[in-house]
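Below is my_file-v1.tsv, which holds TSV, N, CA and C atoms and all ligand atoms.
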chain	number	residue	atom	x	y	z
A	180	MET	N	124.71	96.00	103.49
A	180	MET	CA	124.92	96.74	104.75
A	180	MET	C	126.43	96.79	105.04
A	181	SER	N	126.89	97.97	105.37
A	181	SER	CA	128.32	98.18	105.63
A	181	SER	C	128.75	97.49	106.93
A	182	THR	N	129.99	97.01	106.95
A	182	THR	CA	130.51	96.44	108.19
A	182	THR	C	131.71	97.25	108.69
A	183	THR	N	131.92	98.45	108.09
A	183	THR	CA	133.06	99.27	108.49
A	183	THR	C	132.91	99.76	109.93
A	184	LEU	N	134.03	99.94	110.63
A	184	LEU	CA	134.00	100.48	111.99
A	184	LEU	C	134.29	101.97	111.99
A	185	ARG	N	134.44	102.58	110.80
A	185	ARG	CA	134.68	104.02	110.74
A	185	ARG	C	133.45	104.77	111.19
A	186	PRO	N	133.66	105.95	111.81
A	186	PRO	CA	132.50	106.77	112.17
A	186	PRO	C	131.78	107.22	110.91
A	187	PRO	N	130.48	107.52	111.01
A	187	PRO	CA	129.73	108.00	109.85
A	187	PRO	C	130.27	109.36	109.37
A	188	ALA	N	129.92	109.75	108.15
A	188	ALA	CA	130.38	111.01	107.57
A	188	ALA	C	130.06	112.17	108.49
A	189	GLY	N	131.03	113.07	108.68
A	189	GLY	CA	130.82	114.26	109.50
A	189	GLY	C	130.93	114.00	110.98
A	190	VAL	N	131.27	112.79	111.39
A	190	VAL	CA	131.40	112.45	112.82
A	190	VAL	C	132.82	111.93	113.03
A	191	ASP	N	133.67	112.70	113.74
A	191	ASP	CA	135.03	112.23	113.97
A	191	ASP	C	135.06	111.29	115.18
A	192	ALA	N	136.24	110.72	115.43
A	192	ALA	CA	136.34	109.70	116.49
A	192	ALA	C	135.97	110.27	117.86
A	193	ALA	N	136.35	111.54	118.11
A	193	ALA	CA	136.02	112.14	119.42
A	193	ALA	C	134.51	112.30	119.56
A	194	ALA	N	133.86	112.78	118.50
A	194	ALA	CA	132.40	112.93	118.55
A	194	ALA	C	131.73	111.57	118.71
A	195	MET	N	132.29	110.57	118.04
A	195	MET	CA	131.73	109.22	118.16
A	195	MET	C	131.82	108.75	119.62
A	196	GLY	N	132.95	109.07	120.29
A	196	GLY	CA	133.10	108.72	121.70
A	196	GLY	C	132.06	109.42	122.57
A	197	LEU	N	131.80	110.70	122.27
A	197	LEU	CA	130.79	111.44	123.03
A	197	LEU	C	129.40	110.85	122.81
A	198	LEU	N	129.10	110.51	121.55
A	198	LEU	CA	127.80	109.91	121.26
A	198	LEU	C	127.65	108.58	122.01
A	199	ARG	N	128.72	107.77	122.03
A	199	ARG	CA	128.67	106.50	122.75
A	199	ARG	C	128.44	106.76	124.24
A	200	ASP	N	129.16	107.77	124.80
A	200	ASP	CA	128.97	108.10	126.22
A	200	ASP	C	127.52	108.52	126.49
A	201	MET	N	126.94	109.33	125.58
A	201	MET	CA	125.55	109.76	125.75
A	201	MET	C	124.60	108.57	125.73
A	202	LEU	N	124.84	107.64	124.80
A	202	LEU	CA	123.97	106.46	124.70
A	202	LEU	C	124.10	105.57	125.94
A	203	GLU	N	125.34	105.40	126.42
A	203	GLU	CA	125.55	104.56	127.60
A	203	GLU	C	124.92	105.20	128.84
A	204	GLU	N	125.03	106.54	128.94
A	204	GLU	CA	124.42	107.23	130.08
A	204	GLU	C	122.90	107.13	130.01
A	205	ASN	N	122.35	107.32	128.80
A	205	ASN	CA	120.90	107.20	128.63
A	205	ASN	C	120.41	105.80	129.02
A	206	PHE	N	121.17	104.79	128.59
A	206	PHE	CA	120.83	103.40	128.94
A	206	PHE	C	120.84	103.23	130.47
A	207	ALA	N	121.88	103.74	131.12
A	207	ALA	CA	122.01	103.57	132.58
A	207	ALA	C	120.92	104.33	133.33
A	208	VAL	N	120.66	105.58	132.91
A	208	VAL	CA	119.66	106.40	133.61
A	208	VAL	C	118.28	105.76	133.51
A	209	HIS	N	117.91	105.33	132.30
A	209	HIS	CA	116.57	104.76	132.13
A	209	HIS	C	116.45	103.38	132.77
A	210	THR	N	117.54	102.64	132.83
A	210	THR	CA	117.52	101.35	133.54
A	210	THR	C	117.28	101.60	135.04
A	211	ALA	N	117.96	102.60	135.60
A	211	ALA	CA	117.78	102.93	137.02
A	211	ALA	C	116.35	103.40	137.28
A	212	GLN	N	115.81	104.22	136.37
A	212	GLN	CA	114.45	104.73	136.57
A	212	GLN	C	113.40	103.62	136.44
A	213	LEU	N	113.65	102.69	135.52
A	213	LEU	CA	112.73	101.56	135.37
A	213	LEU	C	112.77	100.68	136.63
A	214	THR	N	113.97	100.49	137.16
A	214	THR	CA	114.11	99.71	138.40
A	214	THR	C	113.34	100.38	139.54
A	215	GLU	N	113.47	101.71	139.64
A	215	GLU	CA	112.77	102.46	140.68
A	215	GLU	C	111.25	102.31	140.53
A	216	LEU	N	110.77	102.44	139.29
A	216	LEU	CA	109.33	102.30	139.05
A	216	LEU	C	108.84	100.90	139.40
A	217	THR	N	109.67	99.89	139.12
A	217	THR	CA	109.30	98.51	139.44
A	217	THR	C	109.12	98.36	140.94
A	218	VAL	N	110.01	99.01	141.71
A	218	VAL	CA	109.89	98.98	143.18
A	218	VAL	C	108.60	99.69	143.61
A	219	TYR	N	108.34	100.88	143.03
A	219	TYR	CA	107.11	101.61	143.37
A	219	TYR	C	105.88	100.77	143.07
A	220	GLY	N	105.90	100.05	141.96
A	220	GLY	CA	104.77	99.25	141.55
A	220	GLY	C	104.43	98.15	142.54
A	221	ARG	N	105.43	97.75	143.32
A	221	ARG	CA	105.22	96.68	144.30
A	221	ARG	C	104.85	97.22	145.69
A	222	MET	N	104.98	98.55	145.85
A	222	MET	CA	104.66	99.15	147.14
A	222	MET	C	103.16	99.36	147.27
A	223	PRO	N	102.62	99.30	148.51
A	223	PRO	CA	101.21	99.68	148.69
A	223	PRO	C	101.04	101.13	148.25
A	224	GLY	N	100.03	101.41	147.45
A	224	GLY	CA	99.81	102.77	146.95
A	224	GLY	C	100.73	103.14	145.81
A	225	HIS	N	101.54	102.19	145.35
A	225	HIS	CA	102.43	102.40	144.18
A	225	HIS	C	103.29	103.64	144.31
A	226	GLY	N	103.74	103.97	145.52
A	226	GLY	CA	104.62	105.12	145.71
A	226	GLY	C	104.00	106.43	145.27
A	227	GLY	N	102.67	106.47	145.25
A	227	GLY	CA	101.98	107.70	144.87
A	227	GLY	C	101.63	107.76	143.39
A	228	TYR	N	102.14	106.82	142.59
A	228	TYR	CA	101.81	106.78	141.16
A	228	TYR	C	100.51	106.00	140.95
A	229	GLY	N	99.69	106.42	140.02
A	229	GLY	CA	98.57	105.60	139.58
A	229	GLY	C	99.11	104.46	138.74
A	230	PRO	N	98.41	103.31	138.73
A	230	PRO	CA	98.93	102.16	137.97
A	230	PRO	C	99.11	102.46	136.48
A	231	LEU	N	98.21	103.25	135.88
A	231	LEU	CA	98.34	103.57	134.46
A	231	LEU	C	99.56	104.47	134.22
A	232	THR	N	99.76	105.44	135.10
A	232	THR	CA	100.92	106.32	134.98
A	232	THR	C	102.21	105.51	135.10
A	233	LEU	N	102.24	104.58	136.05
A	233	LEU	CA	103.42	103.72	136.20
A	233	LEU	C	103.69	102.93	134.93
A	234	ASP	N	102.63	102.37	134.33
A	234	ASP	CA	102.79	101.59	133.10
A	234	ASP	C	103.30	102.46	131.96
A	235	GLU	N	102.78	103.69	131.86
A	235	GLU	CA	103.22	104.58	130.78
A	235	GLU	C	104.68	104.97	130.96
A	236	TRP	N	105.07	105.30	132.18
A	236	TRP	CA	106.48	105.63	132.43
A	236	TRP	C	107.38	104.43	132.20
A	237	ALA	N	106.93	103.27	132.62
A	237	ALA	CA	107.74	102.05	132.41
A	237	ALA	C	107.93	101.79	130.92
A	238	ALA	N	106.86	101.98	130.14
A	238	ALA	CA	106.96	101.77	128.68
A	238	ALA	C	107.94	102.78	128.08
A	239	HIS	N	107.88	104.03	128.54
A	239	HIS	CA	108.81	105.06	128.06
A	239	HIS	C	110.26	104.65	128.35
A	240	HIS	N	110.53	104.23	129.59
A	240	HIS	CA	111.91	103.85	129.96
A	240	HIS	C	112.36	102.61	129.19
A	241	ARG	N	111.46	101.64	128.98
A	241	ARG	CA	111.83	100.45	128.19
A	241	ARG	C	112.19	100.83	126.76
A	242	ARG	N	111.42	101.77	126.18
A	242	ARG	CA	111.69	102.22	124.80
A	242	ARG	C	113.06	102.92	124.74
A	243	GLU	N	113.36	103.78	125.71
A	243	GLU	CA	114.65	104.48	125.74
A	243	GLU	C	115.80	103.48	125.89
A	244	ILE	N	115.61	102.47	126.76
A	244	ILE	CA	116.64	101.45	126.97
A	244	ILE	C	116.86	100.68	125.67
A	245	ALA	N	115.79	100.28	125.01
A	245	ALA	CA	115.90	99.51	123.77
A	245	ALA	C	116.54	100.34	122.66
A	246	ASP	N	116.14	101.63	122.55
A	246	ASP	CA	116.72	102.50	121.51
A	246	ASP	C	118.21	102.70	121.74
A	247	SER	N	118.60	102.92	123.00
A	247	SER	CA	120.02	103.13	123.31
A	247	SER	C	120.82	101.86	123.05
A	248	ALA	N	120.29	100.72	123.49
A	248	ALA	CA	120.98	99.44	123.29
A	248	ALA	C	121.13	99.14	121.80
A	249	ASP	N	120.10	99.43	121.02
A	249	ASP	CA	120.15	99.18	119.59
A	249	ASP	C	121.20	100.07	118.92
A	250	ALA	N	121.27	101.35	119.33
A	250	ALA	CA	122.28	102.26	118.76
A	250	ALA	C	123.69	101.80	119.14
A	251	LEU	N	123.89	101.35	120.38
A	251	LEU	CA	125.21	100.86	120.79
A	251	LEU	C	125.58	99.60	120.00
A	252	ARG	N	124.59	98.75	119.71
A	252	ARG	CA	124.84	97.57	118.89
A	252	ARG	C	125.26	98.00	117.49
A	253	ARG	N	124.57	99.02	116.93
A	253	ARG	CA	124.94	99.50	115.59
A	253	ARG	C	126.35	100.08	115.59
A	254	MET	N	126.75	100.74	116.70
A	254	MET	CA	128.14	101.23	116.79
A	254	MET	C	129.11	100.05	116.74
A	255	ALA	N	128.78	99.00	117.46
A	255	ALA	CA	129.67	97.83	117.51
A	255	ALA	C	129.76	97.12	116.16
A	256	ASP	N	128.66	97.10	115.41
A	256	ASP	CA	128.71	96.36	114.14
A	256	ASP	C	129.01	97.27	112.94
A	257	GLY	N	129.25	98.57	113.21
A	257	GLY	CA	129.68	99.47	112.15
A	257	GLY	C	128.57	100.06	111.31
A	258	THR	N	127.34	99.90	111.70
A	258	THR	CA	126.23	100.45	110.92
A	258	THR	C	125.65	101.72	111.55
A	259	TYR	N	126.23	102.16	112.67
A	259	TYR	CA	125.74	103.37	113.34
A	259	TYR	C	125.88	104.57	112.40
A	260	GLY	N	124.86	105.43	112.37
A	260	GLY	CA	124.91	106.64	111.57
A	260	GLY	C	124.45	106.44	110.13
A	261	LEU	N	124.09	105.21	109.79
A	261	LEU	CA	123.53	104.94	108.46
A	261	LEU	C	122.02	104.77	108.61
A	262	CYS	N	121.27	105.41	107.71
A	262	CYS	CA	119.82	105.32	107.76
A	262	CYS	C	119.38	103.87	107.56
A	263	ARG	N	118.48	103.44	108.42
A	263	ARG	CA	117.98	102.06	108.35
A	263	ARG	C	117.16	101.82	107.08
A	264	ILE	N	116.57	102.89	106.53
A	264	ILE	CA	115.70	102.75	105.36
A	264	ILE	C	116.50	102.88	104.06
A	265	CYS	N	117.21	104.02	103.87
A	265	CYS	CA	117.86	104.29	102.58
A	265	CYS	C	119.37	104.03	102.63
A	266	HIS	N	119.93	103.75	103.81
A	266	HIS	CA	121.35	103.42	104.00
A	266	HIS	C	122.30	104.58	103.72
A	267	ARG	N	121.77	105.81	103.61
A	267	ARG	CA	122.64	106.98	103.48
A	267	ARG	C	123.05	107.43	104.89
A	268	ALA	N	124.11	108.28	104.95
A	268	ALA	CA	124.59	108.79	106.24
A	268	ALA	C	123.54	109.70	106.88
A	269	ILE	N	123.31	109.52	108.16
A	269	ILE	CA	122.44	110.41	108.94
A	269	ILE	C	123.28	111.65	109.28
A	270	PRO	N	122.77	112.87	109.07
A	270	PRO	CA	123.57	114.07	109.35
A	270	PRO	C	124.06	114.09	110.81
A	271	ALA	N	125.33	114.57	110.97
A	271	ALA	CA	125.94	114.60	112.29
A	271	ALA	C	125.10	115.41	113.28
A	272	GLY	N	124.50	116.50	112.79
A	272	GLY	CA	123.69	117.35	113.67
A	272	GLY	C	122.49	116.61	114.24
A	273	LEU	N	121.90	115.74	113.42
A	273	LEU	CA	120.77	114.94	113.90
A	273	LEU	C	121.24	113.92	114.93
A	274	LEU	N	122.42	113.33	114.70
A	274	LEU	CA	122.95	112.36	115.68
A	274	LEU	C	123.27	113.03	117.01
A	275	ARG	N	123.77	114.29	116.94
A	275	ARG	CA	124.05	114.99	118.20
A	275	ARG	C	122.76	115.27	118.96
A	276	ALA	N	121.68	115.60	118.23
A	276	ALA	CA	120.40	115.90	118.88
A	276	ALA	C	119.68	114.63	119.33
A	277	VAL	N	119.78	113.59	118.52
A	277	VAL	CA	119.10	112.31	118.79
A	277	VAL	C	120.12	111.20	118.55
A	278	PRO	N	120.96	110.89	119.56
A	278	PRO	CA	122.05	109.92	119.33
A	278	PRO	C	121.58	108.54	118.87
A	279	HIS	N	120.33	108.17	119.20
A	279	HIS	CA	119.86	106.85	118.78
A	279	HIS	C	119.11	106.90	117.44
A	280	ALA	N	119.17	108.05	116.74
A	280	ALA	CA	118.46	108.17	115.46
A	280	ALA	C	118.87	107.04	114.52
A	281	GLU	N	117.87	106.44	113.88
A	281	GLU	CA	118.15	105.35	112.95
A	281	GLU	C	117.61	105.63	111.55
A	282	ARG	N	117.11	106.86	111.34
A	282	ARG	CA	116.62	107.27	110.02
A	282	ARG	C	117.14	108.67	109.71
A	283	CYS	N	117.44	108.93	108.42
A	283	CYS	CA	117.83	110.27	107.99
A	283	CYS	C	116.59	111.17	108.00
A	284	VAL	N	116.78	112.44	107.71
A	284	VAL	CA	115.67	113.39	107.82
A	284	VAL	C	114.51	113.03	106.88
A	285	PRO	N	114.77	112.81	105.58
A	285	PRO	CA	113.61	112.47	104.71
A	285	PRO	C	112.91	111.18	105.15
A	286	CYS	N	113.67	110.18	105.58
A	286	CYS	CA	113.05	108.90	105.96
A	286	CYS	C	112.33	108.99	107.30
A	287	ARG	N	112.66	109.98	108.15
A	287	ARG	CA	111.93	110.16	109.41
A	287	ARG	C	110.49	110.56	109.16
A	288	ARG	N	110.23	111.13	107.97
A	288	ARG	CA	108.87	111.55	107.65
A	288	ARG	C	108.01	110.38	107.19
A	289	LEU	N	108.66	109.24	106.88
A	289	LEU	CA	107.90	108.07	106.44
A	289	LEU	C	107.20	107.45	107.65
A	290	PRO	N	106.10	106.75	107.44
A	290	PRO	CA	105.40	106.13	108.56
A	290	PRO	C	106.23	105.03	109.23
A	301	ZN	ZN	117.01	107.54	104.85

In structure tokens, write the structure found in this file.
Amino acid sequence: MSTTLRPPAGVDAAAMGLLRDMLEENFAVHTAQLTELTVYGRMPGHGGYGPLTLDEWAAHHRREIADSADALRRMADGTYGLCRICHRAIPAGLLRAVPHAERCVPCRRLP
């Protein structure tokens, strides 16, 4: 596993900064939404949400928080942009669309 701090192929330093900003914003937004749902869950009537709906939304926000945190960790340790399965560079276009992507296109099709 590489320990380089260079951006992945096809991603310059400015794009890397934008991707980091997107990941940090995603982390913050979903943390705020999870906090809000936690408050609703404690209110009588759950703020209008059904308990199952609240659980599903909470799980979604937890997954987004974990994915963003994991991608930020990979940026810090220099493995961001490398496929977790085959260790090849993830295309820059895929990273722009899915900043927390951890698999290249062929490996995304694997189970
Ligand atoms: Zn791959």

| request: Identify, counting only N, CA and C atoms and all ligand atoms, the protein, DNA and RNA residues located within 8 Å of ligand ZN 301 (chain A), and give them as JSON, numbers by chain. | output: {"A": [261, 262, 263, 264, 265, 266, 267, 268, 269, 281, 282, 283, 284, 285, 286, 287]}

N, CA and C atoms of the current selection, written as a compact mmCIF listing (two decimals), in the coordinates of the input:
# COMPACT_ATOMS: atom_id res chain seq x y z
N LEU A 261 124.09 105.21 109.79
CA LEU A 261 123.53 104.94 108.46
C LEU A 261 122.02 104.77 108.61
N CYS A 262 121.27 105.41 107.71
CA CYS A 262 119.82 105.32 107.76
C CYS A 262 119.38 103.87 107.56
N ARG A 263 118.48 103.44 108.42
CA ARG A 263 117.98 102.06 108.35
C ARG A 263 117.16 101.82 107.08
N ILE A 264 116.57 102.89 106.53
CA ILE A 264 115.70 102.75 105.36
C ILE A 264 116.50 102.88 104.06
N CYS A 265 117.21 104.02 103.87
CA CYS A 265 117.86 104.29 102.58
C CYS A 265 119.37 104.03 102.63
N HIS A 266 119.93 103.75 103.81
CA HIS A 266 121.35 103.42 104.00
C HIS A 266 122.30 104.58 103.72
N ARG A 267 121.77 105.81 103.61
CA ARG A 267 122.64 106.98 103.48
C ARG A 267 123.05 107.43 104.89
N ALA A 268 124.11 108.28 104.95
CA ALA A 268 124.59 108.79 106.24
C ALA A 268 123.54 109.70 106.88
N ILE A 269 123.31 109.52 108.16
CA ILE A 269 122.44 110.41 108.94
C ILE A 269 123.28 111.65 109.28
N GLU A 281 117.87 106.44 113.88
CA GLU A 281 118.15 105.35 112.95
C GLU A 281 117.61 105.63 111.55
N ARG A 282 117.11 106.86 111.34
CA ARG A 282 116.62 107.27 110.02
C ARG A 282 117.14 108.67 109.71
N CYS A 283 117.44 108.93 108.42
CA CYS A 283 117.83 110.27 107.99
C CYS A 283 116.59 111.17 108.00
N VAL A 284 116.78 112.44 107.71
CA VAL A 284 115.67 113.39 107.82
C VAL A 284 114.51 113.03 106.88
N PRO A 285 114.77 112.81 105.58
CA PRO A 285 113.61 112.47 104.71
C PRO A 285 112.91 111.18 105.15
N CYS A 286 113.67 110.18 105.58
CA CYS A 286 113.05 108.90 105.96
C CYS A 286 112.33 108.99 107.30
N ARG A 287 112.66 109.98 108.15
CA ARG A 287 111.93 110.16 109.41
C ARG A 287 110.49 110.56 109.16

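Of the residues listed (A:Tyr259, A:Ala271, A:Trp236, A:Pro278), A:Trp236 shows the shortest atom-to-atom separation from Leu213 (chain A); distances use all atoms listed in the file.
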
Filtered DSSP result for region 195-290 of chain A, state helix (DSSP H, G or I), as a tab-separated table (two decimals) with N, CA and C atoms, in the frame of the given file:
chain	number	residue	atom	x	y	z
A	195	MET	N	132.29	110.57	118.04
A	195	MET	CA	131.73	109.22	118.16
A	195	MET	C	131.82	108.75	119.62
A	196	GLY	N	132.95	109.07	120.29
A	196	GLY	CA	133.10	108.72	121.70
A	196	GLY	C	132.06	109.42	122.57
A	197	LEU	N	131.80	110.70	122.27
A	197	LEU	CA	130.79	111.44	123.03
A	197	LEU	C	129.40	110.85	122.81
A	198	LEU	N	129.10	110.51	121.55
A	198	LEU	CA	127.80	109.91	121.26
A	198	LEU	C	127.65	108.58	122.01
A	199	ARG	N	128.72	107.77	122.03
A	199	ARG	CA	128.67	106.50	122.75
A	199	ARG	C	128.44	106.76	124.24
A	200	ASP	N	129.16	107.77	124.80
A	200	ASP	CA	128.97	108.10	126.22
A	200	ASP	C	127.52	108.52	126.49
A	201	MET	N	126.94	109.33	125.58
A	201	MET	CA	125.55	109.76	125.75
A	201	MET	C	124.60	108.57	125.73
A	202	LEU	N	124.84	107.64	124.80
A	202	LEU	CA	123.97	106.46	124.70
A	202	LEU	C	124.10	105.57	125.94
A	203	GLU	N	125.34	105.40	126.42
A	203	GLU	CA	125.55	104.56	127.60
A	203	GLU	C	124.92	105.20	128.84
A	204	GLU	N	125.03	106.54	128.94
A	204	GLU	CA	124.42	107.23	130.08
A	204	GLU	C	122.90	107.13	130.01
A	205	ASN	N	122.35	107.32	128.80
A	205	ASN	CA	120.90	107.20	128.63
A	205	ASN	C	120.41	105.80	129.02
A	206	PHE	N	121.17	104.79	128.59
A	206	PHE	CA	120.83	103.40	128.94
A	206	PHE	C	120.84	103.23	130.47
A	207	ALA	N	121.88	103.74	131.12
A	207	ALA	CA	122.01	103.57	132.58
A	207	ALA	C	120.92	104.33	133.33
A	208	VAL	N	120.66	105.58	132.91
A	208	VAL	CA	119.66	106.40	133.61
A	208	VAL	C	118.28	105.76	133.51
A	209	HIS	N	117.91	105.33	132.30
A	209	HIS	CA	116.57	104.76	132.13
A	209	HIS	C	116.45	103.38	132.77
A	210	THR	N	117.54	102.64	132.83
A	210	THR	CA	117.52	101.35	133.54
A	210	THR	C	117.28	101.60	135.04
A	211	ALA	N	117.96	102.60	135.60
A	211	ALA	CA	117.78	102.93	137.02
A	211	ALA	C	116.35	103.40	137.28
A	212	GLN	N	115.81	104.22	136.37
A	212	GLN	CA	114.45	104.73	136.57
A	212	GLN	C	113.40	103.62	136.44
A	213	LEU	N	113.65	102.69	135.52
A	213	LEU	CA	112.73	101.56	135.37
A	213	LEU	C	112.77	100.68	136.63
A	214	THR	N	113.97	100.49	137.16
A	214	THR	CA	114.11	99.71	138.40
A	214	THR	C	113.34	100.38	139.54
A	215	GLU	N	113.47	101.71	139.64
A	215	GLU	CA	112.77	102.46	140.68
A	215	GLU	C	111.25	102.31	140.53
A	216	LEU	N	110.77	102.44	139.29
A	216	LEU	CA	109.33	102.30	139.05
A	216	LEU	C	108.84	100.90	139.40
A	217	THR	N	109.67	99.89	139.12
A	217	THR	CA	109.30	98.51	139.44
A	217	THR	C	109.12	98.36	140.94
A	218	VAL	N	110.01	99.01	141.71
A	218	VAL	CA	109.89	98.98	143.18
A	218	VAL	C	108.60	99.69	143.61
A	219	TYR	N	108.34	100.88	143.03
A	219	TYR	CA	107.11	101.61	143.37
A	219	TYR	C	105.88	100.77	143.07
A	220	GLY	N	105.90	100.05	141.96
A	220	GLY	CA	104.77	99.25	141.55
A	220	GLY	C	104.43	98.15	142.54
A	221	ARG	N	105.43	97.75	143.32
A	221	ARG	CA	105.22	96.68	144.30
A	221	ARG	C	104.85	97.22	145.69
A	223	PRO	N	102.62	99.30	148.51
A	223	PRO	CA	101.21	99.68	148.69
A	223	PRO	C	101.04	101.13	148.25
A	224	GLY	N	100.03	101.41	147.45
A	224	GLY	CA	99.81	102.77	146.95
A	224	GLY	C	100.73	103.14	145.81
A	225	HIS	N	101.54	102.19	145.35
A	225	HIS	CA	102.43	102.40	144.18
A	225	HIS	C	103.29	103.64	144.31
A	226	GLY	N	103.74	103.97	145.52
A	226	GLY	CA	104.62	105.12	145.71
A	226	GLY	C	104.00	106.43	145.27
A	227	GLY	N	102.67	106.47	145.25
A	227	GLY	CA	101.98	107.70	144.87
A	227	GLY	C	101.63	107.76	143.39
A	230	PRO	N	98.41	103.31	138.73
A	230	PRO	CA	98.93	102.16	137.97
A	230	PRO	C	99.11	102.46	136.48
A	231	LEU	N	98.21	103.25	135.88
A	231	LEU	CA	98.34	103.57	134.46
A	231	LEU	C	99.56	104.47	134.22
A	232	THR	N	99.76	105.44	135.10
A	232	THR	CA	100.92	106.32	134.98
A	232	THR	C	102.21	105.51	135.10
A	233	LEU	N	102.24	104.58	136.05
A	233	LEU	CA	103.42	103.72	136.20
A	233	LEU	C	103.69	102.93	134.93
A	234	ASP	N	102.63	102.37	134.33
A	234	ASP	CA	102.79	101.59	133.10
A	234	ASP	C	103.30	102.46	131.96
A	235	GLU	N	102.78	103.69	131.86
A	235	GLU	CA	103.22	104.58	130.78
A	235	GLU	C	104.68	104.97	130.96
A	236	TRP	N	105.07	105.30	132.18
A	236	TRP	CA	106.48	105.63	132.43
A	236	TRP	C	107.38	104.43	132.20
A	237	ALA	N	106.93	103.27	132.62
A	237	ALA	CA	107.74	102.05	132.41
A	237	ALA	C	107.93	101.79	130.92
A	238	ALA	N	106.86	101.98	130.14
A	238	ALA	CA	106.96	101.77	128.68
A	238	ALA	C	107.94	102.78	128.08
A	239	HIS	N	107.88	104.03	128.54
A	239	HIS	CA	108.81	105.06	128.06
A	239	HIS	C	110.26	104.65	128.35
A	240	HIS	N	110.53	104.23	129.59
A	240	HIS	CA	111.91	103.85	129.96
A	240	HIS	C	112.36	102.61	129.19
A	241	ARG	N	111.46	101.64	128.98
A	241	ARG	CA	111.83	100.45	128.19
A	241	ARG	C	112.19	100.83	126.76
A	242	ARG	N	111.42	101.77	126.18
A	242	ARG	CA	111.69	102.22	124.80
A	242	ARG	C	113.06	102.92	124.74
A	243	GLU	N	113.36	103.78	125.71
A	243	GLU	CA	114.65	104.48	125.74
A	243	GLU	C	115.80	103.48	125.89
A	244	ILE	N	115.61	102.47	126.76
A	244	ILE	CA	116.64	101.45	126.97
A	244	ILE	C	116.86	100.68	125.67
A	245	ALA	N	115.79	100.28	125.01
A	245	ALA	CA	115.90	99.51	123.77
A	245	ALA	C	116.54	100.34	122.66
A	246	ASP	N	116.14	101.63	122.55
A	246	ASP	CA	116.72	102.50	121.51
A	246	ASP	C	118.21	102.70	121.74
A	247	SER	N	118.60	102.92	123.00
A	247	SER	CA	120.02	103.13	123.31
A	247	SER	C	120.82	101.86	123.05
A	248	ALA	N	120.29	100.72	123.49
A	248	ALA	CA	120.98	99.44	123.29
A	248	ALA	C	121.13	99.14	121.80
A	249	ASP	N	120.10	99.43	121.02
A	249	ASP	CA	120.15	99.18	119.59
A	249	ASP	C	121.20	100.07	118.92
A	250	ALA	N	121.27	101.35	119.33
A	250	ALA	CA	122.28	102.26	118.76
A	250	ALA	C	123.69	101.80	119.14
A	251	LEU	N	123.89	101.35	120.38
A	251	LEU	CA	125.21	100.86	120.79
A	251	LEU	C	125.58	99.60	120.00
A	252	ARG	N	124.59	98.75	119.71
A	252	ARG	CA	124.84	97.57	118.89
A	252	ARG	C	125.26	98.00	117.49
A	253	ARG	N	124.57	99.02	116.93
A	253	ARG	CA	124.94	99.50	115.59
A	253	ARG	C	126.35	100.08	115.59
A	254	MET	N	126.75	100.74	116.70
A	254	MET	CA	128.14	101.23	116.79
A	254	MET	C	129.11	100.05	116.74
A	255	ALA	N	128.78	99.00	117.46
A	255	ALA	CA	129.67	97.83	117.51
A	255	ALA	C	129.76	97.12	116.16
A	256	ASP	N	128.66	97.10	115.41
A	256	ASP	CA	128.71	96.36	114.14
A	256	ASP	C	129.01	97.27	112.94
A	271	ALA	N	125.33	114.57	110.97
A	271	ALA	CA	125.94	114.60	112.29
A	271	ALA	C	125.10	115.41	113.28
A	272	GLY	N	124.50	116.50	112.79
A	272	GLY	CA	123.69	117.35	113.67
A	272	GLY	C	122.49	116.61	114.24
A	273	LEU	N	121.90	115.74	113.42
A	273	LEU	CA	120.77	114.94	113.90
A	273	LEU	C	121.24	113.92	114.93
A	274	LEU	N	122.42	113.33	114.70
A	274	LEU	CA	122.95	112.36	115.68
A	274	LEU	C	123.27	113.03	117.01
A	275	ARG	N	123.77	114.29	116.94
A	275	ARG	CA	124.05	114.99	118.20
A	275	ARG	C	122.76	115.27	118.96
A	276	ALA	N	121.68	115.60	118.23
A	276	ALA	CA	120.40	115.90	118.88
A	276	ALA	C	119.68	114.63	119.33
A	284	VAL	N	116.78	112.44	107.71
A	284	VAL	CA	115.67	113.39	107.82
A	284	VAL	C	114.51	113.03	106.88
A	285	PRO	N	114.77	112.81	105.58
A	285	PRO	CA	113.61	112.47	104.71
A	285	PRO	C	112.91	111.18	105.15
A	286	CYS	N	113.67	110.18	105.58
A	286	CYS	CA	113.05	108.90	105.96
A	286	CYS	C	112.33	108.99	107.30
A	287	ARG	N	112.66	109.98	108.15
A	287	ARG	CA	111.93	110.16	109.41
A	287	ARG	C	110.49	110.56	109.16

| message | Just checking: using all atoms listed in the file, which residue out of A:Ala192, A:Ala207, A:Ala238, A:Ala280 ends up closest to Ala250 (chain A)? | response |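 Going through A:Ala192, A:Ala207, A:Ala238, A:Ala280 one by one, the smallest distance to Ala250 (chain A) is for A:Ala280.
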
| field | Within 7 Å of Thr210 (chain A) using all atoms listed in the file, minus same-chain residues under 5 positions, as a ChimeraX atom specification | value | /A:205,215,240,244

Write out, as a compact mmCIF listing (two decimals), in the frame of the given file, the residues just selected, with N, CA and C atoms.
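Written file, result.txt:
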# COMPACT_ATOMS: atom_id res chain seq x y z
N ASN A 205 122.35 107.32 128.80
CA ASN A 205 120.90 107.20 128.63
C ASN A 205 120.41 105.80 129.02
N GLU A 215 113.47 101.71 139.64
CA GLU A 215 112.77 102.46 140.68
C GLU A 215 111.25 102.31 140.53
N HIS A 240 110.53 104.23 129.59
CA HIS A 240 111.91 103.85 129.96
C HIS A 240 112.36 102.61 129.19
N ILE A 244 115.61 102.47 126.76
CA ILE A 244 116.64 101.45 126.97
C ILE A 244 116.86 100.68 125.67

| request: Tell me, in Å to one decimal, how far atom C of His279 (chain A) is from atom N of Thr214 (chain A). | output: 21.4 Å

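The two atoms in question, atom N of Leu231 (chain A) and atom N of Ala245 (chain A), are spaced 20.9 Å apart.
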
| query | What is the atom C of Ala276 (chain A) to atom C of Asp234 (chain A) distance in Å? | reply | 24.0 Å

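Distances from A:Pro223, A:Val190, A:Leu273, A:Arg242 to His209 (chain A) were compared using only C-alpha atoms, and the smallest one belongs to A:Arg242.
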